[in-house]
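Asker: Structure in structure tokens, see below.
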Amino acid sequence: MADCSGAPGCRLCEIAGWSLVQVVAWPDAAASVAAVLSAATALDVPPAGGAVLRARSIALFCVSPGQFWVLNNADAVRLPRVDAKHGCVTPLTPGRRRFRLEGPKARDALAKIVALDLHPSHFAVGQAAL
């Protein structure tokens with residue numbers, strides 16, 4: 001991870017060494033794609049949008065029904081193999097950057113730039129919003 005510096009109360013730094021792929025199931029093939037995802041990640045498929053499951057260096061996000069993101073916090077990623085008749089896998093890493101925002105004022109800083117209710121009773125640790 002890069003050296004982070006910033007104003008007291010809040011630090012922002014870029015996270016390196018990760019990969020992100022999107023897996024989409026065609027409407028009539030959700031069960032077969034869910035089985036492939038479970039085998040590739042050792043996780044059950046999250047049931048609803050915003051749900052996130054984690055194991056080892058992998059996080060599995062349910063983006064919407066039949067659409068998932070697989071985040072690998074290690075440099076190397078093994079893409080899930082999805083038959084084209086059942087869905088598709090798209091690497092997303094090249095078009096994305098990840099940042100860590102931390103410190104006692106991080107929630108306040110983030111609240112100024114995103115349109116989400118970040119109160120802990122509405123947006124819990126481990127939840128995702130896309």
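Labels for the structure tokens follow display order: chains A, B, ..., residues from 1 in each chain, ligands from 1.
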Set the distance at 12 Å and use only C-alpha atoms: which residues neighbour Leu118 of chain A once local chain neighbours fewer than 2 positions away are removed? I'd like the list as a count of residues only.
Answerer: 20
Asker: Compare A:Ala39, A:Val23, A:Gly87, A:Trp18 by their minimum atom-to-atom distance to Phe61 of chain A, counting only C-alpha atoms, and give me the closest one.
Answerer: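 For Phe61 of chain A, the nearest of the candidates is A:Val23.
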Asker: I'd like the interatomic distance between atom CA of Trp69 of chain A and atom CA of Gln22 of chain A, to a tenth of an Å.
Answerer: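 Atom CA of Gln22 of chain A lies 4.5 Å from atom CA of Trp69 of chain A.
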Asker: Name the residues in contact with Gly9 of chain A at a cut-off of 6 Å, using only C-alpha atoms, excluding same-chain residues fewer than 6 positions from it; report them as a list of chain:residue names.
Answerer: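 Listing them by chain and then by number gives A:Gly103, A:Pro104, A:Lys105.
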Asker: Rank nothing, just name the residue among A:Val21, A:Ala51, A:Cys88, A:Leu130 nearest to Val33 of chain A, using only C-alpha atoms.
Answerer: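 Nearest candidate to Val33 of chain A out of A:Val21, A:Ala51, A:Cys88, A:Leu130: A:Cys88.
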Asker: From a backbone DSSP assignment, name each residue in chain A labelled alpha helix (DSSP H), as a list in words.
Answerer: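 Residues of chain A classed as alpha helix (DSSP H): Ala30, Ala31, Ser32, Val33, Ala34, Ala35, Val36, Leu37, Ser38, Ala39, Ala40, Thr41, Ala106, Arg107, Asp108, Ala109, Leu110 and Ala111 of chain A.
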Asker: Can I get the selected residues back with C-alpha atoms, as an mmCIF file, in the first residue's frame?
Answerer:
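The result, stored in part-v4.cif:
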data_model
loop_
_atom_site.group_PDB
_atom_site.id
_atom_site.type_symbol
_atom_site.label_atom_id
_atom_site.label_comp_id
_atom_site.auth_asym_id
_atom_site.auth_seq_id
_atom_site.Cartn_x
_atom_site.Cartn_y
_atom_site.Cartn_z
ATOM 1 C CA ALA A 30 -28.791 -18.015 -12.637
ATOM 2 C CA ALA A 31 -28.436 -21.356 -10.820
ATOM 3 C CA SER A 32 -25.559 -22.618 -12.987
ATOM 4 C CA VAL A 33 -23.645 -19.320 -12.704
ATOM 5 C CA ALA A 34 -24.239 -19.276 -8.928
ATOM 6 C CA ALA A 35 -22.691 -22.767 -8.754
ATOM 7 C CA VAL A 36 -19.636 -21.599 -10.734
ATOM 8 C CA LEU A 37 -19.223 -18.551 -8.478
ATOM 9 C CA SER A 38 -19.546 -20.633 -5.327
ATOM 10 C CA ALA A 39 -16.941 -23.103 -6.577
ATOM 11 C CA ALA A 40 -14.517 -20.330 -7.619
ATOM 12 C CA THR A 41 -14.821 -18.268 -4.428
ATOM 13 C CA ALA A 106 -13.495 9.699 7.373
ATOM 14 C CA ARG A 107 -17.294 9.293 7.525
ATOM 15 C CA ASP A 108 -17.743 13.095 7.598
ATOM 16 C CA ALA A 109 -15.428 13.570 4.609
ATOM 17 C CA LEU A 110 -17.144 10.824 2.591
ATOM 18 C CA ALA A 111 -20.595 12.226 3.413
#
